[in-house]
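Structure below is data_0.csv: CSV, C-alpha atoms.
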```csv
chain,number,residue,atom,x,y,z
A,1,MET,CA,-68.3,-1.5,-28.9
A,2,PRO,CA,-66.0,-1.9,-31.9
A,3,ALA,CA,-64.9,-5.4,-32.9
A,4,ALA,CA,-61.5,-6.5,-31.5
A,5,GLN,CA,-58.7,-6.0,-34.0
A,6,PRO,CA,-56.0,-8.7,-34.3
A,7,PRO,CA,-52.5,-7.6,-33.2
A,8,LYS,CA,-50.4,-5.9,-35.8
A,9,LYS,CA,-47.7,-8.0,-37.2
A,10,PHE,CA,-44.2,-6.7,-37.3
A,11,THR,CA,-42.8,-7.1,-40.8
A,12,ALA,CA,-39.0,-6.7,-40.8
A,13,PRO,CA,-37.1,-5.2,-43.7
A,14,PRO,CA,-34.8,-7.8,-45.3
A,15,LEU,CA,-31.9,-9.0,-43.2
A,16,ARG,CA,-33.0,-7.4,-40.0
A,17,THR,CA,-31.8,-9.0,-36.8
A,18,ILE,CA,-33.6,-8.5,-33.5
A,19,SER,CA,-32.2,-9.6,-30.1
A,20,THR,CA,-34.0,-9.5,-26.8
A,21,ALA,CA,-32.5,-9.7,-23.4
A,22,HIS,CA,-35.0,-11.2,-20.9
A,23,CYS,CA,-34.9,-11.6,-17.2
A,24,GLN,CA,-36.4,-14.7,-15.7
A,25,ALA,CA,-39.8,-13.1,-15.2
A,26,SER,CA,-40.2,-11.8,-18.7
A,27,GLY,CA,-38.8,-15.0,-20.2
A,28,THR,CA,-41.6,-16.9,-18.4
A,29,ALA,CA,-44.2,-14.5,-19.8
A,30,THR,CA,-42.8,-14.9,-23.3
A,31,ALA,CA,-42.7,-18.6,-23.2
A,32,SER,CA,-46.1,-19.1,-21.8
A,33,THR,CA,-48.1,-18.1,-24.9
A,34,THR,CA,-48.8,-20.4,-27.9
A,35,ALA,CA,-46.1,-21.4,-30.3
A,36,SER,CA,-48.0,-20.0,-33.3
A,37,ALA,CA,-48.4,-16.5,-31.9
A,38,PRO,CA,-45.9,-13.8,-32.3
A,39,CYS,CA,-43.8,-12.8,-29.2
A,40,PRO,CA,-45.1,-9.8,-27.3
A,41,CYS,CA,-42.9,-7.5,-29.5
A,42,GLY,CA,-44.8,-8.8,-32.5
A,43,VAL,CA,-42.0,-10.6,-34.2
A,44,SER,CA,-43.2,-13.8,-35.8
A,45,ALA,CA,-41.0,-16.9,-35.7
A,46,ARG,CA,-42.2,-17.7,-39.1
A,47,ASP,CA,-40.9,-14.5,-40.7
A,48,GLU,CA,-37.9,-15.8,-42.8
A,49,ARG,CA,-36.4,-12.3,-43.0
A,50,THR,CA,-36.0,-11.8,-39.3
A,51,ALA,CA,-33.4,-13.5,-37.1
A,52,ILE,CA,-34.4,-13.6,-33.5
A,53,GLY,CA,-32.0,-13.9,-30.6
A,54,VAL,CA,-33.0,-14.3,-27.0
A,55,VAL,CA,-30.8,-14.1,-24.0
A,56,ASP,CA,-32.5,-15.5,-21.0
A,57,PRO,CA,-30.5,-16.5,-17.9
A,58,ALA,CA,-33.2,-19.0,-16.8
A,59,PRO,CA,-32.3,-22.4,-18.2
A,60,ALA,CA,-35.8,-23.7,-17.5
A,61,GLN,CA,-37.1,-21.2,-20.2
A,62,HIS,CA,-34.7,-22.3,-23.0
A,63,ALA,CA,-36.7,-25.4,-24.1
A,64,ALA,CA,-40.0,-23.4,-24.1
A,65,LEU,CA,-38.4,-20.5,-26.1
A,66,ARG,CA,-36.8,-22.9,-28.6
A,67,ALA,CA,-40.2,-24.7,-29.1
A,68,ARG,CA,-41.9,-21.3,-29.6
A,69,PHE,CA,-39.1,-19.9,-31.9
A,70,PRO,CA,-37.4,-22.9,-33.5
A,71,ARG,CA,-35.1,-20.7,-35.6
A,72,ALA,CA,-34.2,-18.4,-32.7
A,73,ASP,CA,-30.8,-18.2,-31.2
A,74,VAL,CA,-31.5,-18.9,-27.5
A,75,ALA,CA,-28.6,-18.3,-25.1
A,76,ALA,CA,-28.1,-18.0,-21.4
A,77,ALA,CA,-25.7,-15.2,-21.7
A,78,ALA,CA,-24.9,-12.4,-24.2
A,79,ALA,CA,-21.4,-13.9,-24.9
A,80,GLU,CA,-23.1,-17.1,-26.1
A,81,SER,CA,-25.4,-15.4,-28.6
A,82,ALA,CA,-24.6,-15.8,-32.2
A,83,THR,CA,-27.3,-13.3,-33.2
A,84,LEU,CA,-26.3,-10.4,-30.9
A,85,ALA,CA,-23.3,-9.2,-32.9
A,86,ARG,CA,-25.3,-8.7,-36.0
A,87,SER,CA,-28.4,-7.2,-34.4
A,88,HIS,CA,-30.1,-4.0,-35.7
A,89,LEU,CA,-32.3,-3.8,-32.7
A,90,ILE,CA,-31.8,-5.0,-29.1
A,91,VAL,CA,-34.9,-5.0,-26.9
A,92,LEU,CA,-34.2,-4.9,-23.2
A,93,ALA,CA,-37.2,-6.5,-21.4
A,94,VAL,CA,-35.8,-6.8,-17.9
A,95,LYS,CA,-37.0,-5.7,-14.5
A,96,PRO,CA,-35.6,-2.3,-13.6
A,97,GLN,CA,-33.5,-3.6,-10.7
A,98,GLN,CA,-31.8,-6.0,-13.1
A,99,MET,CA,-31.1,-3.5,-15.9
A,100,ARG,CA,-27.5,-2.5,-14.9
A,101,ASP,CA,-26.4,-6.1,-14.8
A,102,ALA,CA,-28.3,-7.0,-18.0
A,103,VAL,CA,-26.6,-4.3,-20.1
A,104,ARG,CA,-23.0,-4.7,-19.0
A,105,PRO,CA,-22.5,-7.8,-21.2
A,106,LEU,CA,-23.9,-5.9,-24.2
A,107,LEU,CA,-20.9,-3.5,-24.5
A,108,PRO,CA,-18.9,-5.7,-26.9
A,109,PHE,CA,-21.9,-5.9,-29.3
A,110,LEU,CA,-22.5,-2.2,-29.7
A,111,GLY,CA,-19.7,-1.6,-32.2
A,112,ALA,CA,-19.7,-1.0,-35.9
A,113,SER,CA,-23.3,-2.1,-36.5
A,114,ARG,CA,-24.6,0.5,-34.0
A,115,PRO,CA,-27.9,-1.3,-33.1
A,116,VAL,CA,-30.8,0.6,-31.6
A,117,VAL,CA,-31.2,-0.4,-28.0
A,118,LEU,CA,-34.9,-0.3,-27.0
A,119,SER,CA,-35.7,-0.4,-23.2
A,120,ILE,CA,-39.2,-1.3,-22.0
A,121,ALA,CA,-38.2,-1.3,-18.4
A,122,ALA,CA,-40.2,1.1,-16.1
A,123,GLY,CA,-38.3,3.9,-14.5
A,124,ILE,CA,-35.0,3.6,-16.3
A,125,ARG,CA,-33.8,6.9,-17.6
A,126,LEU,CA,-31.9,7.1,-20.8
A,127,THR,CA,-29.1,9.0,-19.1
A,128,ASP,CA,-28.6,6.1,-16.7
A,129,LEU,CA,-28.8,3.5,-19.6
A,130,GLN,CA,-26.3,5.6,-21.6
A,131,ARG,CA,-23.9,5.7,-18.6
A,132,TRP,CA,-24.1,2.0,-18.0
A,133,LEU,CA,-23.4,1.4,-21.7
A,134,GLY,CA,-20.3,3.5,-21.7
A,135,GLY,CA,-21.8,6.6,-23.4
A,136,TYR,CA,-23.6,4.6,-26.2
A,137,ASP,CA,-26.3,6.9,-27.7
A,138,GLN,CA,-28.6,4.8,-30.0
A,139,LEU,CA,-31.2,4.5,-27.3
A,140,VAL,CA,-35.0,4.4,-27.3
A,141,ARG,CA,-37.2,4.2,-24.2
A,142,ALA,CA,-40.8,2.9,-24.3
A,143,MET,CA,-43.5,2.2,-21.8
A,144,PRO,CA,-46.2,0.0,-23.3
A,145,ASN,CA,-49.2,-0.8,-21.2
A,146,THR,CA,-50.7,-4.2,-20.4
A,147,PRO,CA,-53.2,-4.3,-23.3
A,148,ALA,CA,-50.2,-4.4,-25.6
A,149,LEU,CA,-50.1,-8.1,-24.8
A,150,ILE,CA,-53.2,-8.5,-27.0
A,151,GLY,CA,-52.4,-5.8,-29.5
A,152,ARG,CA,-54.7,-3.2,-28.0
A,153,GLY,CA,-52.2,-1.1,-26.0
A,154,ILE,CA,-50.5,2.1,-26.3
A,155,ALA,CA,-46.8,2.9,-25.8
A,156,GLY,CA,-45.2,6.2,-25.0
A,157,VAL,CA,-41.8,6.3,-26.7
A,158,TYR,CA,-38.8,8.6,-26.5
A,159,ALA,CA,-35.7,8.4,-28.7
A,160,ALA,CA,-32.4,10.0,-27.9
A,161,PRO,CA,-31.7,12.8,-30.3
A,162,SER,CA,-28.9,10.8,-32.0
A,163,VAL,CA,-31.3,8.0,-33.1
A,164,ASP,CA,-32.1,8.6,-36.8
A,165,ALA,CA,-35.4,8.1,-38.6
A,166,ALA,CA,-34.5,4.5,-39.6
A,167,GLY,CA,-33.8,3.6,-36.0
A,168,ARG,CA,-37.0,5.2,-34.8
A,169,GLU,CA,-38.9,3.4,-37.5
A,170,LEU,CA,-37.4,0.0,-36.5
A,171,ALA,CA,-38.2,0.6,-32.8
A,172,GLY,CA,-41.7,1.9,-33.6
A,173,GLY,CA,-42.4,-1.0,-35.9
A,174,VAL,CA,-41.8,-3.5,-33.1
A,175,LEU,CA,-43.8,-1.5,-30.6
A,176,ALA,CA,-46.7,-1.1,-33.0
A,177,ALA,CA,-47.4,-4.8,-32.7
A,178,GLY,CA,-48.7,-4.0,-29.3
A,179,GLY,CA,-51.0,-1.2,-30.4
A,180,GLU,CA,-50.6,2.5,-30.9
A,181,VAL,CA,-47.2,4.2,-30.6
A,182,VAL,CA,-47.0,7.8,-29.4
A,183,TRP,CA,-43.6,9.5,-29.8
A,184,VAL,CA,-42.8,12.2,-27.2
A,185,ASN,CA,-40.1,14.8,-27.4
A,186,ASP,CA,-38.9,14.8,-23.8
```

In structure tokens, how does this file's structure come out?
Amino acid sequence: MPAAQPPKKFTAPPLRTISTAHCQASGTATASTTASAPCPCGVSARDERTAIGVVDPAPAQHAALRARFPRADVAAAAAESATLARSHLIVLAVKPQQMRDAVRPLLPFLGASRPVVLSIAAGIRLTDLQRWLGGYDQLVRAMPNTPALIGRGIAGVYAAPSVDAAGRELAGGVLAAGGEVVWVND
């Protein structure tokens, strides 16, 4: 059996901002790992070039998230996030049944900067996500598997045709922290 490989580290280009929207369950999972480890998407709190914003409606998770990511902007709602407006990538890590409610508050933040919105929620079609986001088209859908939590997974990824190569590279770079990334065309 080959030796275990350490998780790949996401290295952000200069001045990249990544925001994540978490439900209570995913916030719990994120906050439960060690403070020195990268978050499940591979972003390291120690990377000075990456600003991290986390929106988690569970107040109990805020202290743990702030301890884990001391430079992160942790907010209970999108409207309270200082990072969201300048994000290049927004990762939606919510339960499928919470997605519609989770994306509504994002609408004001999808303006001029045109961030890529990456959904890792099972069973959410891009056509539904696009409709809930008022026709917004910079969307990527991924389905990583459980071994991604230790950097040994694989994620099937689809990008809407309007997502350019830079947007695909940004989403793929974050997902690569969990293991192999396989792009599909439909």

### Query
Could you work out how far atom CA of Leu84 of chain A lies from atom CA of Val140 of chain A, giving the answer in Å with one decimal?
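Computing it gives 17.5 Å between the two atoms.
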
#### Entry: Residue contacts of segment 117-131 of chain A (7 Å, all atoms listed in the file) excluding same-chain residues fewer than 6 positions away, as a list in words
Leu89, Ile90, Val91, Leu92, Ala93, Val94, Lys95, Pro96, Asp137, Gln138, Leu139, Val140, Arg141, Ala142, Met143 and Ala171 of chain A

### Task
Give me, please, the distance in Å between atom CA of Ala76 of chain A and atom CA of Leu106 of chain A, quoted to one decimal.
13.1 Å

### Message
Report, in Å to a single decimal, how far apart atom CA of Thr146 of chain A and atom CA of Val174 of chain A are.
### Response
15.5 Å
